[in-house]
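*Asks:* Contents of start-v8.cif (mmCIF, C-alpha atoms) are below:
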data_data
#
loop_
_atom_site.label_atom_id
_atom_site.label_comp_id
_atom_site.auth_asym_id
_atom_site.auth_seq_id
_atom_site.Cartn_x
_atom_site.Cartn_y
_atom_site.Cartn_z
CA MET A 1 28.88 -16.56 29.47
CA LEU A 2 26.28 -19.25 29.97
CA SER A 3 24.61 -18.26 26.70
CA ASP A 4 27.71 -19.32 24.76
CA ALA A 5 26.95 -22.92 25.68
CA VAL A 6 23.35 -22.82 24.40
CA CYS A 7 22.18 -24.37 21.10
CA PRO A 8 20.32 -21.73 19.01
CA LEU A 9 17.72 -24.31 17.95
CA CYS A 10 16.64 -26.08 21.13
CA LEU A 11 17.66 -23.24 23.49
CA ASP A 12 19.19 -25.79 25.83
CA PHE A 13 22.82 -26.51 26.61
CA TYR A 14 24.60 -28.27 23.76
CA ARG A 15 24.30 -32.04 23.56
CA ASN A 16 26.77 -33.66 21.18
CA PRO A 17 27.55 -30.29 19.54
CA VAL A 18 28.77 -30.08 15.93
CA LYS A 19 29.98 -27.23 13.74
CA SER A 20 28.94 -26.75 10.10
CA PRO A 21 31.31 -25.55 7.34
CA CYS A 22 29.57 -22.16 7.43
CA GLY A 23 30.70 -21.68 11.06
CA HIS A 24 27.42 -22.24 12.94
CA SER A 25 27.09 -24.69 15.81
CA PHE A 26 24.14 -26.87 16.85
CA CYS A 27 23.31 -30.05 18.71
CA ARG A 28 23.73 -32.89 16.26
CA GLY A 29 20.16 -34.02 16.87
CA CYS A 30 18.82 -30.50 16.29
CA LEU A 31 20.72 -30.17 13.01
CA LEU A 32 19.53 -33.51 11.63
CA GLN A 33 15.92 -33.18 12.80
CA GLY A 34 13.59 -32.74 9.85
CA GLN A 35 16.42 -33.19 7.32
CA GLY A 36 16.49 -36.96 7.15
CA GLN A 37 19.01 -39.46 8.40
CA GLY A 38 20.57 -40.34 5.05
CA GLN A 39 23.78 -39.08 3.52
CA GLY A 40 22.20 -36.29 1.48
CA PRO A 41 23.12 -32.60 1.81
CA LEU A 42 22.04 -30.56 4.84
CA LEU A 43 20.77 -26.99 5.04
CA CYS A 44 22.10 -24.67 7.75
CA PRO A 45 19.09 -23.51 9.83
CA GLN A 46 20.70 -20.08 10.36
CA CYS A 47 22.18 -19.04 6.97
CA GLN A 48 20.44 -21.60 4.66
CA GLN A 49 23.82 -22.67 3.18
CA GLU A 50 23.88 -26.21 1.82
CA PHE A 51 26.68 -28.58 2.81
CA ALA A 52 27.47 -32.30 2.91
CA GLN A 53 26.86 -34.29 6.10
CA ALA A 54 30.44 -35.54 5.94
CA SER A 55 31.70 -31.96 6.34
CA VAL A 56 30.12 -31.56 9.80
CA ARG A 57 32.74 -31.75 12.59
CA PRO A 58 32.34 -32.34 16.36
CA ALA A 59 32.73 -29.19 18.48
CA ARG A 60 34.58 -30.58 21.50
CA SER A 61 35.25 -27.17 23.07
CA LEU A 62 31.50 -26.45 23.07
CA ARG A 63 30.83 -29.83 24.65
CA ARG A 64 33.17 -28.98 27.54
CA LYS A 65 31.71 -25.48 27.85
CA ALA A 66 28.16 -26.89 27.95
CA GLU A 67 29.08 -29.36 30.68
CA ARG A 68 30.60 -26.57 32.80
CA ALA A 69 27.55 -24.38 32.16
CA ARG A 70 25.17 -27.12 33.28
CA ILE A 71 27.05 -27.46 36.55
CA GLN A 72 27.13 -23.70 37.07
CA LEU A 73 23.42 -23.29 36.32
CA SER A 74 22.53 -26.19 38.61
CA ARG A 75 24.40 -24.51 41.48
CA LEU A 76 22.73 -21.17 40.80
CA THR A 77 19.30 -22.83 40.72
CA GLU A 78 19.89 -24.73 43.97
CA ASP A 79 21.08 -21.53 45.69
CA GLN A 80 17.83 -19.78 44.75
CA ALA A 81 15.47 -22.65 45.65
CA PRO A 82 14.81 -21.49 49.27
CA SER A 83 14.21 -17.91 48.14
CA ALA A 84 11.77 -19.07 45.47
CA ALA A 85 9.89 -21.19 47.99
CA GLN A 86 9.70 -18.29 50.46
CA GLY A 87 8.38 -16.00 47.74
CA ALA A 88 5.71 -18.51 46.86
CA GLY A 89 4.47 -18.37 50.47
CA GLY A 90 3.60 -14.71 50.18
CA CYS A 91 6.74 -13.09 51.59
CA SER A 92 8.41 -10.27 49.73
CA VAL A 93 11.71 -11.44 48.29
CA ARG A 94 14.24 -9.26 46.52
CA PRO A 95 15.83 -11.09 43.61
CA SER A 96 19.50 -11.75 44.17
CA SER A 97 22.20 -11.16 41.60
CA SER A 98 22.37 -14.93 40.90
CA MET A 99 18.65 -15.05 40.26
CA LYS A 100 18.89 -12.12 37.90
CA GLU A 101 21.73 -13.85 36.07
CA VAL A 102 19.66 -17.02 35.59
CA ALA A 103 16.55 -15.10 34.53
CA GLY A 104 18.61 -12.95 32.18
CA LEU A 105 20.06 -16.06 30.57
CA TYR A 106 16.63 -17.51 29.84
CA LYS A 107 15.31 -14.23 28.54
CA GLU A 108 18.28 -14.03 26.20
CA MET A 109 17.47 -17.53 25.00
CA LEU A 110 13.86 -16.56 24.40
CA ARG A 111 14.80 -13.38 22.53
CA ASN A 112 17.12 -15.38 20.27
CA LYS A 113 14.35 -17.87 19.61
CA LEU A 114 11.87 -15.09 18.90
CA GLY A 115 14.25 -13.54 16.36
CA SER A 116 14.76 -16.91 14.67
CA LEU A 117 11.02 -17.55 14.45
CA GLN A 118 10.35 -14.11 13.06
CA LYS A 119 12.94 -14.68 10.30
CA GLN A 120 11.34 -18.02 9.46
CA ARG A 121 7.92 -16.36 9.31
CA GLU A 122 9.29 -13.67 6.97
CA HIS A 123 10.82 -16.33 4.72
CA LEU A 124 7.56 -18.27 4.60
CA ASP A 125 5.66 -15.10 3.72
CA GLN A 126 8.05 -14.59 0.81
CA CYS A 127 7.64 -18.20 -0.29
CA ARG A 128 3.87 -17.84 -0.22
CA GLY A 129 4.14 -14.82 -2.51
CA VAL A 130 6.37 -16.74 -4.91
CA GLU A 131 3.95 -19.66 -5.04
CA ALA A 132 1.01 -17.32 -5.65
CA ALA A 133 2.92 -15.81 -8.58
CA ASN A 134 3.75 -19.32 -9.82
CA ARG A 135 0.06 -20.18 -9.82
CA VAL A 136 -0.72 -17.16 -12.02
CA GLU A 137 2.26 -17.82 -14.28
CA LEU A 138 1.25 -21.46 -14.70
CA GLN A 139 -2.20 -20.40 -15.85
CA LYS A 140 -0.65 -18.04 -18.38
CA TYR A 141 1.68 -20.73 -19.73
CA VAL A 142 -1.20 -23.16 -20.06
CA LYS A 143 -3.34 -20.53 -21.82
CA ASP A 144 -0.57 -19.69 -24.32
CA LEU A 145 0.23 -23.34 -25.03
CA ARG A 146 -3.44 -24.19 -25.41
CA GLU A 147 -3.83 -21.42 -28.02
CA ASN A 148 -0.77 -22.70 -29.91
CA ILE A 149 -2.06 -26.26 -29.92
CA THR A 150 -5.52 -25.16 -31.06
CA SER A 151 -4.17 -22.99 -33.92
CA GLU A 152 -1.86 -25.78 -35.16
CA PHE A 153 -4.76 -28.20 -35.33
CA ALA A 154 -7.28 -25.73 -36.78
CA GLU A 155 -7.03 -26.91 -40.43
CA LEU A 156 -6.81 -30.63 -39.78
CA GLN A 157 -9.59 -33.16 -40.26
CA GLN A 158 -11.34 -35.41 -37.74
CA PHE A 159 -8.28 -37.57 -37.06
CA LEU A 160 -6.22 -34.47 -36.31
CA ARG A 161 -8.93 -33.19 -33.95
CA ARG A 162 -8.57 -36.42 -31.95
CA GLU A 163 -4.81 -35.80 -31.85
CA GLU A 164 -5.46 -32.30 -30.55
CA ALA A 165 -7.76 -33.56 -27.81
CA THR A 166 -5.14 -36.09 -26.74
CA LEU A 167 -2.48 -33.42 -26.51
CA ILE A 168 -4.79 -31.10 -24.54
CA VAL A 169 -5.42 -33.88 -22.04
CA ARG A 170 -1.67 -34.35 -21.57
CA LEU A 171 -1.23 -30.62 -21.06
CA GLU A 172 -4.04 -30.51 -18.50
CA GLU A 173 -2.52 -33.49 -16.70
CA LYS A 174 0.77 -31.61 -16.48
CA GLN A 175 -1.11 -28.53 -15.29
CA LYS A 176 -2.87 -30.58 -12.62
CA LEU A 177 0.43 -32.11 -11.54
CA VAL A 178 2.17 -28.74 -11.17
CA SER A 179 -0.97 -27.17 -9.63
CA ARG A 180 -1.13 -29.98 -7.09
CA GLU A 181 2.53 -29.40 -6.18
CA ILE A 182 1.84 -25.66 -5.81
CA GLU A 183 -1.19 -26.34 -3.59
CA ASP A 184 0.87 -28.79 -1.49
CA ASN A 185 3.47 -26.05 -1.04
CA MET A 186 0.77 -23.56 -0.03
CA ILE A 187 -0.68 -26.00 2.50
CA LYS A 188 2.76 -26.68 3.99
CA ILE A 189 3.52 -22.97 4.18
CA SER A 190 0.22 -22.26 5.95
CA ARG A 191 0.79 -25.12 8.37
CA ASP A 192 4.32 -23.97 9.19
CA LEU A 193 3.13 -20.38 9.61
CA ALA A 194 0.41 -21.47 12.02
CA SER A 195 2.90 -23.49 14.06
CA ILE A 196 5.43 -20.66 14.14
CA ASN A 197 2.79 -18.08 15.09
CA GLN A 198 1.64 -20.31 17.95
CA THR A 199 5.20 -20.69 19.20
CA ILE A 200 5.82 -16.95 18.89
CA SER A 201 2.76 -16.28 21.06
CA LYS A 202 4.06 -18.69 23.72
CA VAL A 203 7.50 -17.11 23.68
CA GLU A 204 6.05 -13.60 23.93
CA SER A 205 3.91 -14.62 26.91
CA LEU A 206 7.00 -16.02 28.67
CA LEU A 207 8.84 -12.75 28.11
CA ASP A 208 6.07 -10.92 29.97
CA LEU A 209 6.53 -13.02 33.14
CA GLN A 210 8.25 -11.61 36.17
CA GLU A 211 11.56 -13.10 37.15
CA MET A 212 10.11 -15.11 40.04
CA GLU A 213 7.34 -16.55 37.86
CA LEU A 214 9.80 -17.43 35.17
CA LEU A 215 12.14 -19.21 37.61
CA GLN A 216 9.46 -21.24 39.38
CA ASP A 217 9.17 -23.63 36.49
CA MET A 218 11.87 -22.43 34.19
CA ARG A 219 12.68 -25.71 32.49
CA SER A 220 9.09 -26.31 31.33
CA ASN A 221 8.69 -22.63 30.49
CA VAL A 222 11.69 -22.66 28.20
CA LYS A 223 10.89 -26.01 26.62
CA TRP A 224 11.58 -25.60 22.91
CA SER A 225 8.88 -26.62 20.48
CA ARG A 226 10.96 -28.35 17.87
CA ILE A 227 9.68 -27.32 14.45
CA GLY A 228 10.93 -29.52 11.64
CA TYR A 229 10.97 -26.59 9.23
CA GLN A 230 12.02 -27.00 5.64
CA GLY A 231 11.42 -24.48 2.88
CA PRO A 232 8.90 -25.49 0.19
CA LYS A 233 10.09 -27.36 -2.87
CA THR A 234 11.14 -25.09 -5.73
CA LEU A 235 8.84 -25.54 -8.70
CA SER A 236 9.06 -24.65 -12.37
CA VAL A 237 5.84 -23.70 -14.11
CA SER A 238 7.31 -23.31 -17.60
CA LEU A 239 6.22 -26.87 -18.53
CA ALA A 240 7.83 -28.68 -21.47
CA LEU A 241 7.88 -26.03 -24.19
CA GLY A 242 9.20 -28.37 -26.83
CA GLU A 243 6.39 -30.83 -26.26
CA PHE A 244 3.55 -28.33 -26.64
CA ASN A 245 5.03 -25.53 -28.75
CA GLY A 246 6.82 -27.03 -31.71
CA PRO A 247 6.18 -28.42 -35.19
CA LEU A 248 2.99 -30.12 -34.04
CA GLN A 249 1.46 -30.61 -37.49
CA TYR A 250 4.67 -32.19 -38.72
CA ALA A 251 4.77 -34.50 -35.70
CA VAL A 252 1.25 -35.69 -36.51
CA TRP A 253 2.19 -36.07 -40.17
CA ARG A 254 5.01 -38.42 -39.18
CA ARG A 255 2.40 -40.59 -37.49
CA MET A 256 -0.24 -40.25 -40.20
CA LEU A 257 2.00 -40.26 -43.30
CA LYS A 258 -0.48 -37.83 -44.89
CA GLU A 259 -0.80 -34.11 -45.42
CA ILE A 260 1.39 -31.69 -43.51
CA LYS A 261 1.92 -27.96 -43.68
CA THR A 262 5.17 -27.62 -41.73
CA VAL A 263 8.05 -29.23 -43.62
CA PRO A 264 11.82 -29.04 -43.16
CA ALA A 265 13.33 -25.79 -44.47
CA PRO A 266 15.30 -26.28 -47.74
CA LEU A 267 18.71 -25.59 -46.20
CA VAL A 268 22.16 -26.21 -47.69
CA PHE A 269 25.64 -25.94 -46.23
CA ASP A 270 27.61 -22.75 -46.92
CA PRO A 271 30.93 -23.79 -48.53
CA LYS A 272 32.58 -20.51 -47.45
CA THR A 273 32.13 -21.43 -43.78
CA ALA A 274 33.14 -25.10 -44.03
CA HIS A 275 36.49 -26.10 -42.56
CA PRO A 276 39.08 -27.18 -45.19
CA HIS A 277 39.19 -30.67 -43.71
CA LEU A 278 35.48 -31.20 -44.32
CA THR A 279 34.13 -32.70 -47.52
CA LEU A 280 30.95 -31.27 -49.08
CA SER A 281 28.78 -33.00 -51.68
CA ALA A 282 28.09 -31.26 -54.99
CA ASP A 283 24.58 -30.23 -53.89
CA CYS A 284 25.94 -28.94 -50.53
CA ARG A 285 23.59 -31.22 -48.58
CA ARG A 286 26.12 -33.77 -47.26
CA LEU A 287 29.00 -33.02 -44.90
CA ARG A 288 31.68 -35.40 -43.66
CA ALA A 289 35.17 -35.28 -42.14
CA ALA A 290 37.99 -35.82 -44.63
CA SER A 291 41.32 -37.50 -43.87
CA GLY A 292 43.53 -35.65 -41.39
CA ARG A 293 44.30 -35.50 -37.69
CA GLN A 294 41.98 -32.54 -37.06
CA GLN A 295 38.89 -34.72 -37.18
CA THR A 296 39.70 -36.14 -33.71
CA ARG A 297 39.57 -32.73 -32.02
CA ARG A 298 36.65 -32.06 -29.70
CA PRO A 299 34.36 -29.14 -30.59
CA HIS A 300 33.90 -27.88 -27.05
CA THR A 301 37.59 -27.00 -26.71
CA PHE A 302 37.14 -24.03 -29.09
CA GLY A 303 40.28 -24.97 -30.97
CA ARG A 304 40.49 -25.83 -34.67
CA CYS A 305 37.07 -27.32 -35.38
CA LEU A 306 35.52 -29.25 -38.25
CA CYS A 307 32.37 -27.18 -38.47
CA ALA A 308 30.22 -25.31 -40.96
CA LEU A 309 27.13 -23.09 -41.10
CA ALA A 310 24.06 -23.20 -43.31
CA SER A 311 23.75 -20.68 -46.10
CA GLU A 312 20.66 -19.09 -44.53
CA GLY A 313 20.29 -17.39 -41.15
CA PHE A 314 17.23 -16.35 -39.14
CA THR A 315 16.36 -13.09 -37.37
CA SER A 316 12.63 -13.67 -36.82
CA GLY A 317 9.80 -16.16 -37.22
CA THR A 318 9.99 -19.92 -36.91
CA ALA A 319 11.92 -22.55 -38.86
CA TYR A 320 12.24 -26.32 -38.76
CA TRP A 321 14.92 -28.47 -40.39
CA GLU A 322 16.15 -32.03 -40.12
CA VAL A 323 19.56 -33.64 -40.33
CA LYS A 324 20.17 -37.33 -41.00
CA VAL A 325 22.93 -38.50 -38.65
CA ARG A 326 22.46 -42.29 -38.87
CA ALA A 327 25.61 -44.00 -37.48
CA ASN A 328 27.68 -40.80 -37.29
CA TRP A 329 29.38 -41.09 -33.89
CA GLU A 330 30.72 -37.52 -33.50
CA TRP A 331 28.49 -34.53 -34.28
CA VAL A 332 27.18 -31.23 -32.96
CA LEU A 333 23.93 -29.69 -34.27
CA GLY A 334 22.36 -26.39 -33.29
CA VAL A 335 22.43 -22.67 -34.06
CA ALA A 336 25.10 -20.00 -33.65
CA PRO A 337 25.84 -16.44 -34.80
CA GLN A 338 27.94 -16.13 -37.96
CA ALA A 339 30.87 -14.83 -35.88
CA VAL A 340 31.26 -18.30 -34.32
CA ILE A 341 33.76 -19.22 -37.07
CA GLY A 342 36.78 -16.97 -36.72
CA PRO A 343 39.93 -16.67 -38.80
CA LYS A 344 41.56 -19.91 -40.03
CA GLY A 345 38.62 -22.02 -38.91
CA HIS A 346 38.99 -21.32 -35.18
CA LEU A 347 35.86 -21.11 -33.09
CA ALA A 348 35.25 -17.71 -31.52
CA GLU A 349 34.14 -17.34 -27.90
CA VAL A 350 30.44 -16.85 -28.69
CA ARG A 351 27.34 -18.69 -27.55
CA VAL A 352 26.31 -21.87 -29.37
CA TRP A 353 22.97 -23.55 -28.70
CA ALA A 354 23.49 -27.16 -29.69
CA LEU A 355 23.21 -30.88 -28.99
CA ARG A 356 26.23 -33.16 -29.20
CA ARG A 357 26.95 -36.83 -29.70
CA SER A 358 30.37 -38.19 -28.79
CA GLY A 359 30.55 -41.95 -29.07
CA GLU A 360 27.74 -43.34 -26.93
CA GLU A 361 27.16 -40.09 -25.03
CA TYR A 362 24.60 -37.40 -25.89
CA SER A 363 24.51 -33.99 -24.20
CA ALA A 364 23.17 -30.46 -24.50
CA LEU A 365 25.94 -27.86 -24.66
CA THR A 366 24.85 -25.91 -21.62
CA SER A 367 27.28 -24.71 -18.95
CA PRO A 368 28.02 -27.25 -17.58
CA HIS A 369 26.91 -29.78 -20.20
CA THR A 370 23.56 -31.51 -19.60
CA PRO A 371 23.73 -35.29 -20.23
CA LEU A 372 20.86 -36.77 -22.25
CA HIS A 373 19.92 -40.36 -21.50
CA LEU A 374 18.35 -41.60 -24.73
CA SER A 375 16.85 -45.07 -24.91
CA VAL A 376 17.06 -45.02 -28.74
CA LYS A 377 19.85 -43.60 -30.88
CA PRO A 378 18.23 -41.06 -33.23
CA GLN A 379 18.88 -41.60 -36.95
CA ARG A 380 17.47 -38.19 -37.82
CA ILE A 381 17.47 -35.02 -35.69
CA GLY A 382 14.80 -32.35 -36.05
CA LEU A 383 15.46 -28.75 -34.91
CA PHE A 384 12.72 -26.16 -34.35
CA LEU A 385 13.69 -22.50 -33.92
CA ASP A 386 11.19 -19.92 -32.64
CA TYR A 387 13.24 -16.73 -32.74
CA GLN A 388 10.82 -14.36 -30.98
CA ALA A 389 10.04 -16.89 -28.25
CA GLY A 390 13.77 -17.58 -27.71
CA GLN A 391 13.23 -21.31 -28.15
CA LEU A 392 15.35 -23.97 -29.86
CA SER A 393 13.93 -27.50 -29.57
CA PHE A 394 15.43 -30.82 -30.64
CA TYR A 395 13.51 -33.95 -31.62
CA ASN A 396 14.17 -37.51 -32.61
CA ALA A 397 12.63 -37.00 -36.06
CA ASP A 398 12.01 -40.74 -36.48
CA ASP A 399 9.10 -40.57 -34.01
CA MET A 400 9.09 -36.81 -33.18
CA SER A 401 9.87 -37.46 -29.50
CA HIS A 402 11.20 -34.36 -27.73
CA LEU A 403 14.90 -34.45 -26.77
CA TYR A 404 15.75 -31.03 -25.35
CA THR A 405 14.75 -27.33 -25.50
CA PHE A 406 16.97 -24.27 -25.03
CA THR A 407 15.29 -21.05 -23.91
CA ASP A 408 17.14 -17.75 -24.23
CA THR A 409 16.84 -14.24 -25.65
CA PHE A 410 18.08 -14.06 -29.24
CA SER A 411 19.37 -10.70 -30.47
CA GLU A 412 21.45 -11.44 -33.59
CA GLU A 413 21.13 -13.47 -36.75
CA LEU A 414 21.38 -17.19 -36.03
CA TYR A 415 22.62 -19.79 -38.51
CA PRO A 416 22.14 -23.57 -38.35
CA TYR A 417 25.46 -24.91 -37.03
CA PHE A 418 27.08 -28.27 -37.82
CA TYR A 419 30.16 -30.14 -36.62
CA THR A 420 31.26 -33.65 -37.50
CA GLY A 421 34.40 -35.62 -36.72
CA CYS A 422 33.24 -38.77 -38.50
CA LYS A 423 34.55 -39.83 -41.92
CA MET A 424 32.16 -42.75 -42.43
CA ASP A 425 28.60 -41.40 -42.21
CA PRO A 426 27.97 -37.81 -43.35
CA LEU A 427 25.54 -35.31 -41.93
CA LYS A 428 22.77 -34.94 -44.50
CA LEU A 429 20.29 -32.06 -44.67
CA VAL A 430 16.78 -33.35 -45.36
CA SER A 431 14.96 -31.53 -48.16
CA SER A 432 11.21 -30.91 -48.38
CA ARG A 433 10.91 -33.59 -51.08
CA PHE A 434 9.99 -36.99 -49.57
#
For the structure just supplied, provide its representation as structure tokens.

*Replies:*
Amino acid sequence: MLSDAVCPLCLDFYRNPVKSPCGHSFCRGCLLQGQGQGQGPLLCPQCQQEFAQASVRPARSLRRKAERARIQLSRLTEDQAPSAAQGAGGCSVRPSSSMKEVAGLYKEMLRNKLGSLQKQREHLDQCRGVEAANRVELQKYVKDLRENITSEFAELQQFLRREEATLIVRLEEKQKLVSREIEDNMIKISRDLASINQTISKVESLLDLQEMELLQDMRSNVKWSRIGYQGPKTLSVSLALGEFNGPLQYAVWRRMLKEIKTVPAPLVFDPKTAHPHLTLSADCRRLRAASGRQQTRRPHTFGRCLCALASEGFTSGTAYWEVKVRANWEWVLGVAPQAVIGPKGHLAEVRVWALRRSGEEYSALTSPHTPLHLSVKPQRIGLFLDYQAGQLSFYNADDMSHLYTFTDTFSEELYPYFYTGCKMDPLKLVSSRF
């Protein structure tokens, strides 16, 4: 069929056709239009599957089919030229079978285009709904974070009120940034919808034409309005929880070196959970790897692991504690359920929310791991747990800069979790006495 040689995007016979890994075929120019000319990933216009440009392959059989179809259509068009001219002069002309075949082909093209445009319109309508919900959700996040900031600063003096105002400005700047991105998305969606609606109207008017009218100027009638359509950028409106919802008074105290209400929890290591090849100090506040081959094992392999838990767990409320790491080159800090340490010191297959240092590399133990690019090596790590909010935030406690925040739903008792493979510098729990 002639329609087999037609590109679904430009509705013309294939020119330099290519096939994507998902099995759809397009003109190379149609596929690349609106997606940039670099080496980045492409998005299939039909199924929205992402794939690398290098995976696109020439479709030589379609090229040959398109060339044959062009020749066939040209012959059919030339055969009908006298009949079309006679009809234009006022004579009654009965469409021939060849004319019906040509008209049918173009109507099939137009119907395919109409279906594609309608799907794009439906997708844009859905995107507009998502962005409208994002706008409401952003306002809620900003309201909640503003209340938290205000309550944390309520009992502070004039200097602390200036700190509060500074933080509010930063929050509003972030709100404006995200709001501006949302509005840009809304504008793009509206513009694309208007363009698609206009094209749909043109296509629908062409479908109402009689066969003779359609064939008189069929190439201009079927000219495809190329729409460089790309879905709106996906946005996150959750903001940086750890920056605006954490131990704010303590962060200010670190800068003021004066009064503070939030201090590190008086934690100690639980000797019953410590691996036999770990050495604990008498006050259970220092933890280091002892001699033995086990200290070189990596914690993420869930094999025999040099780890321990704190003596106190949390099932509600908030808590903040600090750990001095100094030059310790191999550590993991976070929270985990008590069941994380199984028989004989083996790690059980349970979730651990933690940060890790291994040599010069820092990462969050997500799946897969999230690399952290730190300009300064922290000497002291601060951890803030908000159980109800499902938030665990990490800070460089030397300047209270935010490192990373986990968000999840906590449902069981969580214990501060520690691993070290270093014999030189211990992990030291910071007490509330400074």

*Asks:* Quick one: which residues end up in the PyMOL selection byres ((chain A and resi 131) around 10) for this structure, as a VMD selection string?

*Replies:* chain A and resid 126 to 130 132 to 137 181 to 183 185 to 186 189 232 234 to 235

*Asks:* As a check of understanding, name the residues that the PyMOL selection byres ((chain A and resi 27) around 10) selects in the supplied structure, as a PyMOL selection string.

*Replies:* chain A and resi 6-10+12-19+25-26+28-33+58-59+62-63

*Asks:* So the first atom is atom CA of Gly246 of chain A and the second is atom CA of Ser431 of chain A; what is the distance between them in Å, to one decimal place?

*Replies:*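 Those two atoms sit 18.9 Å apart.
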
*Asks:* Skipping near chain neighbours, those fewer than 3 positions away, what residues fall within 6 Å of segment 384-398 of chain A using all atoms listed in the file, listed as a PyMOL selection string?

*Replies:* chain A and resi 242+316-320+378+380-381+401-410

*Asks:* Quote the spacing between atom CA of Pro266 of chain A and atom CA of Trp331 of chain A in Å to one decimal place.

*Replies:* 20.6 Å

*Asks:* Would you mind reading off the distance between atom CA of Glu322 of chain A and atom CA of Leu383 of chain A, one decimal, in Å?

*Replies:*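 Result for atom CA of Glu322 of chain A versus atom CA of Leu383 of chain A: 6.2 Å, one decimal.
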
*Asks:* Please write as a list in words the full residue list that the PyMOL selection byres ((chain A and resi 116) around 12) yields on this file.

*Replies:*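 Written out, the selection comes to Pro8, Leu9, Cys10, Leu11, Pro45, Gln46, Cys47, Met109, Leu110, Arg111, Asn112, Lys113, Leu114, Gly115, Leu117, Gln118, Lys119, Gln120, Arg121, Glu122, His123, Ile196, Thr199, Ile200, Val203, Ile227 and Tyr229 of chain A.
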
*Asks:* Under the rule that all atoms listed in the file are counted, which of A:Tyr362, A:Tyr415, A:Trp321, A:Tyr250 is the nearest residue to Leu160 of chain A?

*Replies:* A:Tyr250

*Asks:* Counting all atoms listed in the file, which residues have an atom no more than 12 Å from (25.4, -39.4, -37.8) in the file's coordinates? Please list them as a PyMOL selection string.

*Replies:* chain A and resi 286-289+323-333+356-360+377-381+418-429

*Asks:* With all atoms listed in the file as the atoms that count, which of A:Val352, A:Leu267, A:Leu73, A:Leu280 lies nearest to Val430 of chain A?

*Replies:*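 When distances to Val430 of chain A are compared using all atoms listed in the file, the smallest one comes from A:Leu267.
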
*Asks:* Extract, using all atoms listed in the file, all DNA, RNA and protein residues at most 10 Å from Thr366 of chain A, discarding same-chain residues fewer than 5 positions from it, and format them as a count of residues only.

*Replies:* 7
